[in-house]
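S.K.: Before I ask anything, let me first share the structure, which is written out below as structure tokens.
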Amino acid sequence: MLRELAERGTVGAVADEMNVTPSAVSQQLKLLEREAGVPLLEPAGRGVRLTAAGRALAETATEVAVALERAEAKWREYLGRPAGDVTLTVFPTGGEMLLPGLLTRVAEEPAVNLICTDRDPTQRFDVLDMVADFDVVIADSPDANEKWHERGLHLVPLLREPLDVALPEDHRLAAKASLSPKDVVGETWIGAPHDFPYDRVLQHLVAVSGEPVRIAQRFDDNGVVEAVVAAGHGIAILPRFTTRTRENGLVTRPLVGIRARREVTAVLRPDRFERPSVRFVVQALREEARKVADRHGAV
């Protein structure tokens, strides 16, 4: 009120601005004067004016108001800016595809500290459990899991990665540009654990061809699968973007006539997604996934 009086000149003008009575303004200024311990106002005609002490205190009030506005602006800016720790977990080949570029992008915002680990959402680590422990869970599945929707989780599609048939370089089918279910009937397979995206492709093969598939071995690690296939012990379903072909003596061929791909998705609790730091990381993820897909000519 003292500051308003200094700027507006009369008690009546202050009262109009603050939507109170002139009497209320006068009472509050008298209370302030008693707390200050020195006269802040003096008579001036029919009104009052500020004493030297009053003007000094009014200037201080202006400085305080400016400081409060500046603090409020900084706080609003802080709330809107990404800052703090963000925890993320990803299946191994997803990490191979996305983490190097993601970490580079996130490093551009030094206020964000991205803490990553790799966990495969298998029977040991269920996505529905992992979202409680991590801000962002990157999962792969042929389609978005209905249970994720039922739990009200926030899903951010990242990319679709084709799943190809991996063969030794000297395999009889390596001369073909693509393979159909009929081409691979009777082959020996090096498989993945049950319900992995690769294993689901083999299940679709059985449904389409009407023939059983012979799975000689099952491995979690794609590197082991690559080595075993390259040694001639069978063929396998492997992801297109991260399978090392030249180094391991492999070739990969698209599987046509069947849906063979995996959906890579960021899964989050909706409250986590409201944090600016998490949104920043998710956006960086989307940009990196788009770059990976473009590099491999994927849609």
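In the structure tokens, chains take letters A, B, ... by order of appearance, with residues numbered from 1 within each chain and ligands from 1 in the order shown.
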So which residues touch Gly12 (chain A) within 10 Å, counting only C-alpha atoms, skipping near sequence neighbours fewer than 6 positions away, as an MDAnalysis selection string?
M.R.: chainID A and resid 5 18 20:23 25:26 47
S.K.: Which residues come within 12 Å of Ala24 (chain A), counting only C-alpha atoms, excluding same-chain residues fewer than 3 positions away, as an MDAnalysis selection string?
M.R.: chainID A and resid 1 11:12 14:16 18:21 27:31
S.K.: I need the strand (DSSP E or B) residues of region 202-235 of chain A per DSSP on the backbone, written as a list in words.
M.R.: Arg214, Ile215, Ala216, Gln217, Arg218 and Ile235 of chain A
S.K.: Emit the selected residues as an mmCIF file, in the first residue's frame, including all heavy atoms.
M.R.:
```cif
data_model
loop_
_atom_site.group_PDB
_atom_site.id
_atom_site.type_symbol
_atom_site.label_atom_id
_atom_site.label_comp_id
_atom_site.auth_asym_id
_atom_site.auth_seq_id
_atom_site.Cartn_x
_atom_site.Cartn_y
_atom_site.Cartn_z
ATOM 1 N N ARG A 214 11.385 -77.069 -36.557
ATOM 2 C CA ARG A 214 12.308 -77.797 -35.681
ATOM 3 C C ARG A 214 13.294 -76.801 -35.091
ATOM 4 O O ARG A 214 14.084 -76.194 -35.817
ATOM 5 C CB ARG A 214 13.063 -78.873 -36.456
ATOM 6 C CG ARG A 214 14.046 -79.644 -35.581
ATOM 7 C CD ARG A 214 14.729 -80.772 -36.322
ATOM 8 N NE ARG A 214 15.635 -81.482 -35.448
ATOM 9 C CZ ARG A 214 16.919 -81.153 -35.260
ATOM 10 N NH1 ARG A 214 17.436 -80.121 -35.914
ATOM 11 N NH2 ARG A 214 17.683 -81.842 -34.430
ATOM 12 N N ILE A 215 13.197 -76.592 -33.777
ATOM 13 C CA ILE A 215 14.094 -75.656 -33.089
ATOM 14 C C ILE A 215 15.137 -76.466 -32.342
ATOM 15 O O ILE A 215 14.830 -77.182 -31.378
ATOM 16 C CB ILE A 215 13.294 -74.755 -32.127
ATOM 17 C CG1 ILE A 215 12.243 -73.961 -32.909
ATOM 18 C CG2 ILE A 215 14.236 -73.815 -31.375
ATOM 19 C CD1 ILE A 215 11.346 -73.102 -32.053
ATOM 20 N N ALA A 216 16.376 -76.373 -32.822
ATOM 21 C CA ALA A 216 17.459 -77.177 -32.244
ATOM 22 C C ALA A 216 17.945 -76.600 -30.927
ATOM 23 O O ALA A 216 18.240 -77.337 -29.974
ATOM 24 C CB ALA A 216 18.616 -77.277 -33.236
ATOM 25 N N GLN A 217 18.058 -75.267 -30.864
ATOM 26 C CA GLN A 217 18.571 -74.591 -29.666
ATOM 27 C C GLN A 217 17.799 -73.294 -29.456
ATOM 28 O O GLN A 217 17.265 -72.723 -30.408
ATOM 29 C CB GLN A 217 20.072 -74.262 -29.808
ATOM 30 C CG GLN A 217 20.963 -75.402 -30.245
ATOM 31 C CD GLN A 217 21.162 -76.440 -29.145
ATOM 32 O OE1 GLN A 217 20.890 -76.164 -27.979
ATOM 33 N NE2 GLN A 217 21.637 -77.631 -29.524
ATOM 34 N N ARG A 218 17.785 -72.828 -28.228
ATOM 35 C CA ARG A 218 17.200 -71.516 -27.926
ATOM 36 C C ARG A 218 18.209 -70.701 -27.118
ATOM 37 O O ARG A 218 18.778 -71.210 -26.137
ATOM 38 C CB ARG A 218 15.905 -71.643 -27.124
ATOM 39 C CG ARG A 218 14.737 -72.254 -27.898
ATOM 40 C CD ARG A 218 13.481 -72.272 -27.028
ATOM 41 N NE ARG A 218 12.359 -72.926 -27.683
ATOM 42 C CZ ARG A 218 11.468 -72.300 -28.458
ATOM 43 N NH1 ARG A 218 11.584 -70.981 -28.647
ATOM 44 N NH2 ARG A 218 10.479 -72.962 -29.020
ATOM 45 N N ILE A 235 19.198 -71.883 -39.040
ATOM 46 C CA ILE A 235 18.892 -70.515 -39.430
ATOM 47 C C ILE A 235 18.079 -69.887 -38.302
ATOM 48 O O ILE A 235 17.637 -70.583 -37.382
ATOM 49 C CB ILE A 235 18.138 -70.460 -40.776
ATOM 50 C CG1 ILE A 235 16.752 -71.116 -40.657
ATOM 51 C CG2 ILE A 235 18.969 -71.123 -41.864
ATOM 52 C CD1 ILE A 235 15.922 -71.014 -41.936
#
```
S.K.: Assign secondary structure with DSSP using the backbone only, and return the residues of region 159-264 of chain A in alpha helix (DSSP H) as a list in words.
M.R.: Pro197, Tyr198, Asp199, Arg200, Val201, Leu202, Gln203, His204, Leu205, Val206, Ala207, Val208, Ser209, Asn222, Gly223, Val224, Val225, Glu226, Ala227, Val228, Val229 and Ala230 of chain A
S.K.: Include C-alpha atoms and write out the residues we just selected as an mmCIF file, in the first residue's frame.
M.R.:
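Wrote it out as part-v1.cif, contents follow:
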```cif
data_model
loop_
_atom_site.group_PDB
_atom_site.id
_atom_site.type_symbol
_atom_site.label_atom_id
_atom_site.label_comp_id
_atom_site.auth_asym_id
_atom_site.auth_seq_id
_atom_site.Cartn_x
_atom_site.Cartn_y
_atom_site.Cartn_z
ATOM 1 C CA PRO A 197 9.221 -61.390 -30.811
ATOM 2 C CA TYR A 198 11.494 -63.731 -32.806
ATOM 3 C CA ASP A 199 9.733 -66.778 -31.398
ATOM 4 C CA ARG A 200 6.329 -65.350 -32.289
ATOM 5 C CA VAL A 201 7.425 -65.132 -35.928
ATOM 6 C CA LEU A 202 8.156 -68.867 -35.881
ATOM 7 C CA GLN A 203 4.705 -69.458 -34.411
ATOM 8 C CA HIS A 204 3.216 -67.489 -37.316
ATOM 9 C CA LEU A 205 5.250 -69.619 -39.732
ATOM 10 C CA VAL A 206 3.626 -72.742 -38.322
ATOM 11 C CA ALA A 207 0.179 -71.170 -38.702
ATOM 12 C CA VAL A 208 0.800 -70.034 -42.288
ATOM 13 C CA SER A 209 2.631 -73.096 -43.612
ATOM 14 C CA ASN A 222 21.573 -62.551 -30.282
ATOM 15 C CA GLY A 223 25.352 -62.689 -30.498
ATOM 16 C CA VAL A 224 25.266 -66.379 -29.582
ATOM 17 C CA VAL A 225 22.534 -66.971 -32.169
ATOM 18 C CA GLU A 226 24.623 -65.234 -34.840
ATOM 19 C CA ALA A 227 27.671 -67.353 -34.053
ATOM 20 C CA VAL A 228 25.743 -70.630 -34.067
ATOM 21 C CA VAL A 229 23.977 -69.778 -37.329
ATOM 22 C CA ALA A 230 27.234 -68.714 -38.983
#
```
S.K.: Set the distance at 8 Å and use only C-alpha atoms: which residues neighbour region 73-84 of chain A once local chain neighbours fewer than 2 positions away are removed? I'd like the list as a ChimeraX atom specification.
M.R.: /A:69-71,86,109,111-113,275-280
S.K.: Restrict the selected residues to N, CA, C and O atoms and save them as a JSON list (two decimals), in the first residue's frame.
M.R.:
```
[["chain", "number", "residue", "atom", "x", "y", "z"],
["A", 69, "GLU", "N", 9.06, -10.90, -8.29],
["A", 69, "GLU", "CA", 8.70, -11.22, -9.67],
["A", 69, "GLU", "C", 9.81, -11.98, -10.37],
["A", 69, "GLU", "O", 9.58, -12.91, -11.13],
["A", 70, "ARG", "N", 11.06, -11.56, -10.11],
["A", 70, "ARG", "CA", 12.20, -12.23, -10.73],
["A", 70, "ARG", "C", 12.29, -13.68, -10.23],
["A", 70, "ARG", "O", 12.54, -14.61, -11.00],
["A", 71, "ALA", "N", 12.08, -13.85, -8.91],
["A", 71, "ALA", "CA", 12.11, -15.20, -8.35],
["A", 71, "ALA", "C", 11.00, -16.06, -8.93],
["A", 71, "ALA", "O", 11.19, -17.24, -9.25],
["A", 86, "VAL", "N", 16.72, -38.86, -14.72],
["A", 86, "VAL", "CA", 15.72, -39.66, -15.43],
["A", 86, "VAL", "C", 16.29, -41.07, -15.57],
["A", 86, "VAL", "O", 17.40, -41.25, -16.07],
["A", 109, "GLU", "N", 21.63, -31.06, -22.79],
["A", 109, "GLU", "CA", 20.94, -30.41, -21.68],
["A", 109, "GLU", "C", 21.61, -30.85, -20.38],
["A", 109, "GLU", "O", 21.26, -31.88, -19.81],
["A", 111, "ALA", "N", 21.43, -30.07, -17.41],
["A", 111, "ALA", "CA", 20.63, -30.17, -16.18],
["A", 111, "ALA", "C", 19.94, -31.52, -16.06],
["A", 111, "ALA", "O", 19.40, -31.85, -15.00],
["A", 112, "VAL", "N", 19.94, -32.32, -17.14],
["A", 112, "VAL", "CA", 19.31, -33.64, -17.12],
["A", 112, "VAL", "C", 20.39, -34.70, -16.99],
["A", 112, "VAL", "O", 21.37, -34.71, -17.73],
["A", 113, "ASN", "N", 20.19, -35.61, -16.03],
["A", 113, "ASN", "CA", 21.11, -36.72, -15.82],
["A", 113, "ASN", "C", 20.39, -38.02, -16.16],
["A", 113, "ASN", "O", 19.53, -38.47, -15.41],
["A", 275, "ARG", "N", 6.70, -34.85, -16.17],
["A", 275, "ARG", "CA", 7.93, -34.17, -15.77],
["A", 275, "ARG", "C", 8.67, -33.64, -17.01],
["A", 275, "ARG", "O", 8.87, -34.39, -17.97],
["A", 276, "PRO", "N", 9.06, -32.37, -17.02],
["A", 276, "PRO", "CA", 9.77, -31.83, -18.18],
["A", 276, "PRO", "C", 11.02, -32.62, -18.55],
["A", 276, "PRO", "O", 11.33, -32.79, -19.73],
["A", 277, "SER", "N", 11.75, -33.12, -17.56],
["A", 277, "SER", "CA", 12.97, -33.88, -17.85],
["A", 277, "SER", "C", 12.65, -35.18, -18.58],
["A", 277, "SER", "O", 13.36, -35.58, -19.51],
["A", 278, "VAL", "N", 11.56, -35.83, -18.18],
["A", 278, "VAL", "CA", 11.16, -37.08, -18.84],
["A", 278, "VAL", "C", 10.67, -36.79, -20.26],
["A", 278, "VAL", "O", 11.01, -37.51, -21.21],
["A", 279, "ARG", "N", 9.89, -35.74, -20.41],
["A", 279, "ARG", "CA", 9.43, -35.36, -21.75],
["A", 279, "ARG", "C", 10.62, -35.06, -22.67],
["A", 279, "ARG", "O", 10.60, -35.42, -23.86],
["A", 280, "PHE", "N", 11.61, -34.41, -22.12],
["A", 280, "PHE", "CA", 12.81, -34.09, -22.90],
["A", 280, "PHE", "C", 13.49, -35.36, -23.38],
["A", 280, "PHE", "O", 13.88, -35.49, -24.55]]
```
S.K.: List every residue of region 5-122 of chain A that has an atom at most 9 Å from any atom of region 236-248 of chain A, giving for each one its closest atom pair and the distance in Å to one decimal, counting only C-alpha atoms, sorted by chain and then by ascending residue number, as JSON lines.
M.R.:
```
{"residue": "A:Thr93", "atom": "CA", "partner": "A:Thr242", "partner_atom": "CA", "distance": 6.6}
{"residue": "A:Gly94", "atom": "CA", "partner": "A:Thr242", "partner_atom": "CA", "distance": 8.6}
{"residue": "A:Glu96", "atom": "CA", "partner": "A:Thr242", "partner_atom": "CA", "distance": 7.3}
{"residue": "A:Met97", "atom": "CA", "partner": "A:Thr242", "partner_atom": "CA", "distance": 6.8}
```
S.K.: Using only N, CA, C and O atoms, please write the residues we just selected to a file, as a JSON list (two decimals), in the first residue's frame.
M.R.:
```json
[["chain", "number", "residue", "atom", "x", "y", "z"],
["A", 93, "THR", "N", 19.31, -55.17, -27.60],
["A", 93, "THR", "CA", 19.49, -54.69, -28.98],
["A", 93, "THR", "C", 18.87, -53.31, -29.17],
["A", 93, "THR", "O", 19.33, -52.53, -30.01],
["A", 94, "GLY", "N", 17.84, -52.99, -28.39],
["A", 94, "GLY", "CA", 17.29, -51.63, -28.43],
["A", 94, "GLY", "C", 18.31, -50.62, -27.92],
["A", 94, "GLY", "O", 18.46, -49.53, -28.47],
["A", 96, "GLU", "N", 21.52, -51.02, -28.08],
["A", 96, "GLU", "CA", 22.55, -50.95, -29.12],
["A", 96, "GLU", "C", 22.14, -49.97, -30.21],
["A", 96, "GLU", "O", 22.97, -49.20, -30.72],
["A", 97, "MET", "N", 20.86, -49.99, -30.58],
["A", 97, "MET", "CA", 20.37, -49.09, -31.62],
["A", 97, "MET", "C", 20.28, -47.65, -31.16],
["A", 97, "MET", "O", 20.64, -46.73, -31.89]]
```
S.K.: To one decimal place in Å, what is the distance between CA of Glu288 (chain A) and CA of Ala107 (chain A)?
M.R.: 13.4 Å
